[in-house]
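Shown next: model.txt, containing compact mmCIF, C-alpha atoms.
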# COMPACT_ATOMS: atom_id res chain seq x y z
CA MET F 1 -14.71 -0.91 11.47
CA THR F 2 -11.98 -0.60 8.84
CA SER F 3 -12.75 0.83 5.42
CA LEU F 4 -10.82 1.90 2.35
CA GLN F 5 -12.06 5.13 0.88
CA PRO F 6 -10.77 8.23 -0.87
CA ILE F 7 -8.86 10.53 1.45
CA ARG F 8 -11.22 13.30 2.44
CA GLU F 9 -10.04 16.85 1.82
CA ILE F 10 -10.39 17.55 5.54
CA ASP F 11 -7.92 14.69 6.23
CA GLU F 12 -5.10 15.91 3.96
CA ALA F 13 -3.10 17.36 6.88
CA ARG F 14 -3.58 14.15 8.87
CA PHE F 15 -2.43 12.11 5.86
CA PHE F 16 0.70 14.28 5.65
CA GLU F 17 1.30 13.90 9.41
CA ILE F 18 1.12 10.10 9.24
CA ALA F 19 3.10 9.85 5.98
CA THR F 20 5.96 11.97 7.35
CA SER F 21 6.06 10.49 10.84
CA SER F 22 9.32 8.83 11.85
CA HIS F 23 7.33 5.62 12.31
CA VAL F 24 6.60 5.54 8.56
CA THR F 25 9.73 7.18 7.16
CA SER F 26 12.07 4.91 9.13
CA ARG F 27 10.58 1.95 7.26
CA LEU F 28 10.47 3.72 3.89
CA PRO F 29 13.88 5.40 3.59
CA ASP F 30 13.31 6.68 0.05
CA TRP F 31 9.89 8.08 0.93
CA GLN F 32 9.77 11.82 0.35
CA MET F 33 6.64 13.74 1.14
CA THR F 34 5.77 17.40 1.05
CA MET F 35 2.43 18.90 1.98
CA THR F 36 1.92 19.83 -1.69
CA TYR F 37 2.54 16.22 -2.72
CA ALA F 38 0.30 14.94 0.09
CA ARG F 39 -2.52 17.19 -1.14
CA ARG F 40 -1.98 15.99 -4.71
CA LEU F 41 -2.08 12.34 -3.59
CA ALA F 42 -5.19 12.93 -1.51
CA ALA F 43 -6.92 14.67 -4.42
CA HIS F 44 -5.77 11.84 -6.71
CA SER F 45 -7.47 9.36 -4.38
CA ARG F 46 -10.78 11.17 -4.93
CA ALA F 47 -10.62 10.87 -8.74
CA ASP F 48 -12.54 8.28 -10.72
CA PHE F 49 -10.51 5.23 -11.72
CA LEU F 50 -10.91 2.48 -14.25
CA SER F 51 -9.22 -0.43 -12.53
CA PRO F 52 -6.27 -1.24 -10.26
CA ALA F 53 -4.77 -3.10 -13.23
CA ASP F 54 -4.72 0.15 -15.24
CA GLN F 55 -3.47 2.66 -12.70
CA GLN F 56 -2.27 3.09 -9.15
CA LEU F 57 -5.17 3.63 -6.76
CA LEU F 58 -4.68 5.32 -3.40
CA PHE F 59 -7.07 4.84 -0.50
CA GLY F 60 -7.20 6.19 2.99
CA ILE F 61 -7.42 3.51 5.66
CA TYR F 62 -10.20 4.62 7.98
CA GLU F 63 -11.02 3.17 11.39
CA ASP F 64 -14.48 4.24 12.56
CA GLY F 65 -14.24 7.34 10.36
CA GLU F 66 -10.71 8.34 11.45
CA LEU F 67 -7.85 8.31 8.93
CA VAL F 68 -5.16 5.96 10.29
CA GLY F 69 -3.06 5.21 7.20
CA ALA F 70 -3.03 4.68 3.46
CA LEU F 71 -3.03 1.82 0.98
CA SER F 72 -2.06 1.80 -2.69
CA LEU F 73 -3.18 -0.77 -5.20
CA GLY F 74 -2.12 -1.04 -8.81
CA PRO F 75 0.79 -1.57 -11.18
CA ASP F 76 4.10 -1.04 -9.41
CA TYR F 77 7.34 -0.46 -11.32
CA ARG F 78 9.23 -2.03 -8.41
CA CYS F 79 7.38 -5.31 -9.08
CA ASP F 80 7.77 -5.20 -12.87
CA TYR F 81 4.39 -3.46 -13.13
CA ARG F 82 2.49 -6.34 -11.60
CA VAL F 83 -0.50 -5.34 -9.48
CA ALA F 84 0.87 -4.69 -6.01
CA VAL F 85 -0.43 -3.54 -2.68
CA GLY F 86 1.47 -1.12 -0.46
CA PHE F 87 0.39 0.25 2.90
CA PHE F 88 1.29 2.13 6.03
CA VAL F 89 -0.53 3.00 9.24
CA GLY F 90 0.21 5.50 11.96
CA GLU F 91 2.12 4.26 14.97
CA ALA F 92 -0.95 4.32 17.22
CA TYR F 93 -2.64 1.82 14.89
CA THR F 94 0.13 -0.75 14.55
CA ARG F 95 -0.58 -4.22 15.87
CA ARG F 96 -4.31 -3.49 15.98
CA GLY F 97 -5.31 -5.23 12.76
CA SER F 98 -5.95 -2.08 10.69
CA ALA F 99 -3.41 -2.96 7.99
CA GLY F 100 -4.63 -6.56 7.78
CA ARG F 101 -8.26 -5.53 7.41
CA ALA F 102 -7.26 -2.93 4.80
CA ILE F 103 -5.38 -5.60 2.81
CA ASP F 104 -8.49 -7.81 2.96
CA GLU F 105 -10.54 -4.95 1.49
CA ALA F 106 -7.92 -4.35 -1.22
CA GLU F 107 -8.14 -8.02 -2.20
CA LYS F 108 -11.91 -7.64 -2.65
CA ILE F 109 -11.38 -4.59 -4.88
CA ALA F 110 -8.77 -6.46 -6.93
CA ALA F 111 -10.99 -9.54 -7.25
CA ALA F 112 -13.92 -7.38 -8.33
CA HIS F 113 -11.75 -6.25 -11.26
CA GLY F 114 -10.71 -9.79 -12.23
CA ILE F 115 -7.23 -9.58 -10.73
CA ASP F 116 -6.22 -13.06 -9.58
CA GLN F 117 -3.01 -12.27 -7.74
CA LEU F 118 -1.47 -9.44 -5.76
CA HIS F 119 2.18 -8.69 -5.16
CA ALA F 120 3.84 -6.73 -2.39
CA LEU F 121 7.36 -5.56 -1.74
CA ALA F 122 8.88 -5.07 1.71
CA GLU F 123 12.39 -4.33 2.82
CA ALA F 124 13.79 -7.45 4.45
CA ASP F 125 14.42 -5.64 7.73
CA ASN F 126 10.90 -4.16 7.86
CA LEU F 127 9.66 -6.97 10.09
CA PRO F 128 6.20 -5.46 10.79
CA SER F 129 5.39 -5.36 7.05
CA VAL F 130 6.90 -8.78 6.37
CA THR F 131 4.91 -10.27 9.25
CA ARG F 132 1.70 -8.51 8.17
CA LEU F 133 2.02 -9.80 4.61
CA GLN F 134 2.65 -13.35 5.81
CA LYS F 135 -0.32 -13.18 8.20
CA SER F 136 -2.45 -11.95 5.29
CA GLY F 137 -1.59 -15.06 3.27
CA PHE F 138 1.20 -13.69 1.06
CA THR F 139 4.07 -16.05 0.29
CA LEU F 140 7.64 -15.13 -0.44
CA LEU F 141 8.36 -15.14 -4.17
CA GLY F 142 11.99 -14.07 -3.91
CA GLU F 143 14.51 -11.40 -3.08
CA CYS F 144 15.37 -8.39 -5.15
CA PHE F 145 17.45 -5.27 -5.06
CA LEU F 146 15.77 -2.23 -6.52
CA ARG F 147 17.56 -0.14 -9.08
CA ARG F 148 17.77 3.59 -8.62
CA ASP F 149 19.28 5.76 -11.32
CA GLY F 150 20.94 2.74 -12.90
CA GLU F 151 22.66 1.65 -9.70
CA ARG F 152 21.83 -1.37 -7.63
CA GLU F 153 20.57 -0.51 -4.17
CA LYS F 154 22.19 -2.15 -1.21
CA ARG F 155 18.95 -2.82 0.67
CA ARG F 156 17.48 -6.27 0.34
CA ASN F 157 13.80 -6.38 -0.56
CA LEU F 158 11.41 -9.28 -0.41
CA LEU F 159 8.80 -9.82 -3.11
CA PHE F 160 5.58 -11.49 -2.01
CA VAL F 161 2.60 -12.87 -3.93
CA LYS F 162 -0.91 -13.92 -3.00
CA LYS F 163 -3.39 -15.73 -5.22
CA ILE F 164 -6.90 -14.33 -5.05
CA CYS F 165 -9.89 -16.59 -5.44
CA LEU F 166 -12.16 -15.19 -8.13
CA THR F 167 -15.79 -16.11 -7.72
CA PRO F 168 -18.85 -14.98 -9.70
CA GLU F 169 -19.88 -12.89 -6.67
CA ASN F 170 -16.73 -10.77 -6.64
CA MET F 171 -16.30 -10.24 -10.39
CA VAL F 172 -17.29 -6.97 -12.04
CA LYS F 173 -20.24 -7.58 -14.33

Could the structure of this file be written out as structure tokens, please?
Amino acid sequence: MTSLQPIREIDEARFFEIATSSHVTSRLPDWQMTMTYARRLAAHSRADFLSPADQQLLFGIYEDGELVGALSLGPDYRCDYRVAVGFFVGEAYTRRGSAGRAIDEAEKIAAAHGIDQLHALAEADNLPSVTRLQKSGFTLLGECFLRRDGEREKRRNLLFVKKICLTPENMVK
């Protein structure tokens, strides 16, 4: 069973291991992680939050109680501060549905806060992420090149969007 939950303190080292694995870093070339930063992110995930529309939320992706990856949900500067979802899973959990089930859970969280669409950004050559987003019902909105320190990056990124059906059952009362 897949669940999104705060990263447990006991899992901080595992989070760091997954986040710095070549499997993850090869797909996120600008990703820089130190153990100190991993601990800060994990502690941040345990804090109380208002809404994914207000701030970036970080969740551990757990499969039957084992941390297998992470998912962020909230305003993303790379998507003009629209609510976006980002995710990664350890290599042993690719192509097993963990990321897809985690995205489904993130959509429920977003819907519960009245968010009617999610965005996601993936590098064009990151085929596993592009495929996962498409399988999860995201459609391509366009291409973009991210800016870093005022310069245009050379890597092509794809911006995706997914409409979320808001129903009385999934709205926060």

Spatial neighbours of Ala106 in chain F, max dist 8 Å, only C-alpha atoms, sep filter under 2 positions, as a compact mmCIF listing (two decimals) with C-alpha atoms, keeping the file's coordinate frame:
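So the final result, stored in out_39.txt, reads:
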# COMPACT_ATOMS: atom_id res chain seq x y z
CA LEU F 4 -10.82 1.90 2.35
CA LEU F 73 -3.18 -0.77 -5.20
CA VAL F 85 -0.43 -3.54 -2.68
CA ALA F 102 -7.26 -2.93 4.80
CA ILE F 103 -5.38 -5.60 2.81
CA ASP F 104 -8.49 -7.81 2.96
CA LYS F 108 -11.91 -7.64 -2.65
CA ILE F 109 -11.38 -4.59 -4.88
CA ALA F 110 -8.77 -6.46 -6.93

Between CA of Gly90 in chain F and CA of Ala19 in chain F, measure the distance and give it in Å to one decimal.
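A separation of 7.9 Å between them.
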
Measuring between only C-alpha atoms, which one of F:Leu41, F:Val130, F:Ala111, F:Ala70 shows the shortest distance to Thr167 in chain F?
F:Ala111

Residue among F:Tyr37, F:Tyr81, F:Phe138, F:Phe87 lying closest to Ile164 in chain F, counting only C-alpha atoms:
F:Phe138

By how many Å are CA of Met35 in chain F and CA of Ser51 in chain F apart?
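About the pair CA of Met35 in chain F and CA of Ser51 in chain F: they are 26.8 Å apart.
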
What's the separation between CA of Arg8 in chain F and CA of Arg46 in chain F, in Å to one decimal place?
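Between these atoms lies a distance of 7.7 Å.
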
Kindly indicate which residue among F:Met33, F:Thr94, F:Gly100, F:Leu158 lies nearest to Asn126 in chain F, using all atoms listed in the file for the distances.
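Smallest distance to Asn126 in chain F is found for F:Leu158.
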
Using only C-alpha atoms for the distances, tell me which of F:Arg96, F:Val83, F:Asp64, F:Val89 is nearest to Val161 in chain F.
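Of the candidates, the smallest distance to Val161 in chain F is held by F:Val83.
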
Do you know which residues are at most 9 Å from Ala122 in chain F counting all atoms listed in the file, after dropping those on the same chain fewer than 4 positions away, and could you put them as a short mmCIF file (atom, residue, chain, number, x, y, z; two decimals) with C-alpha atoms, in the coordinates of the input?
data_model
loop_
_atom_site.label_atom_id
_atom_site.label_comp_id
_atom_site.auth_asym_id
_atom_site.auth_seq_id
_atom_site.Cartn_x
_atom_site.Cartn_y
_atom_site.Cartn_z
CA GLY F 86 1.47 -1.12 -0.46
CA ASN F 126 10.90 -4.16 7.86
CA LEU F 127 9.66 -6.97 10.09
CA SER F 129 5.39 -5.36 7.05
CA VAL F 130 6.90 -8.78 6.37
CA LEU F 133 2.02 -9.80 4.61
CA ARG F 156 17.48 -6.27 0.34
CA ASN F 157 13.80 -6.38 -0.56
CA LEU F 158 11.41 -9.28 -0.41
CA LEU F 159 8.80 -9.82 -3.11
CA PHE F 160 5.58 -11.49 -2.01
#

Residue neighbourhood Asp54 in chain F, 8 Å, only C-alpha atoms, exclusion window fewer than 2 positions, as a PyMOL selection string
chain F and resi 50-52+56+74-75

Of the candidates F:Glu123, F:Lys162, F:Val68, F:Arg14, which shows the shortest atom-to-atom distance to Ser26 in chain F, using all atoms listed in the file?
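Among the listed residues, F:Glu123 lies closest to Ser26 in chain F.
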
Find the residue from F:Leu58, F:Ile115, F:Ala84, F:Met1 that sits nearest to Leu166 in chain F; use all atoms listed in the file when measuring.
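Result for the nearest residue to Leu166 in chain F: F:Ile115.
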
For Ile10 in chain F, find every residue with an atom within 12 Å (counting only C-alpha atoms), except residues of its own chain fewer than 6 positions away, and show them as a list in words.
Phe16, Arg39, Ala42, Ala43, Gly65, Glu66 and Leu67 of chain F
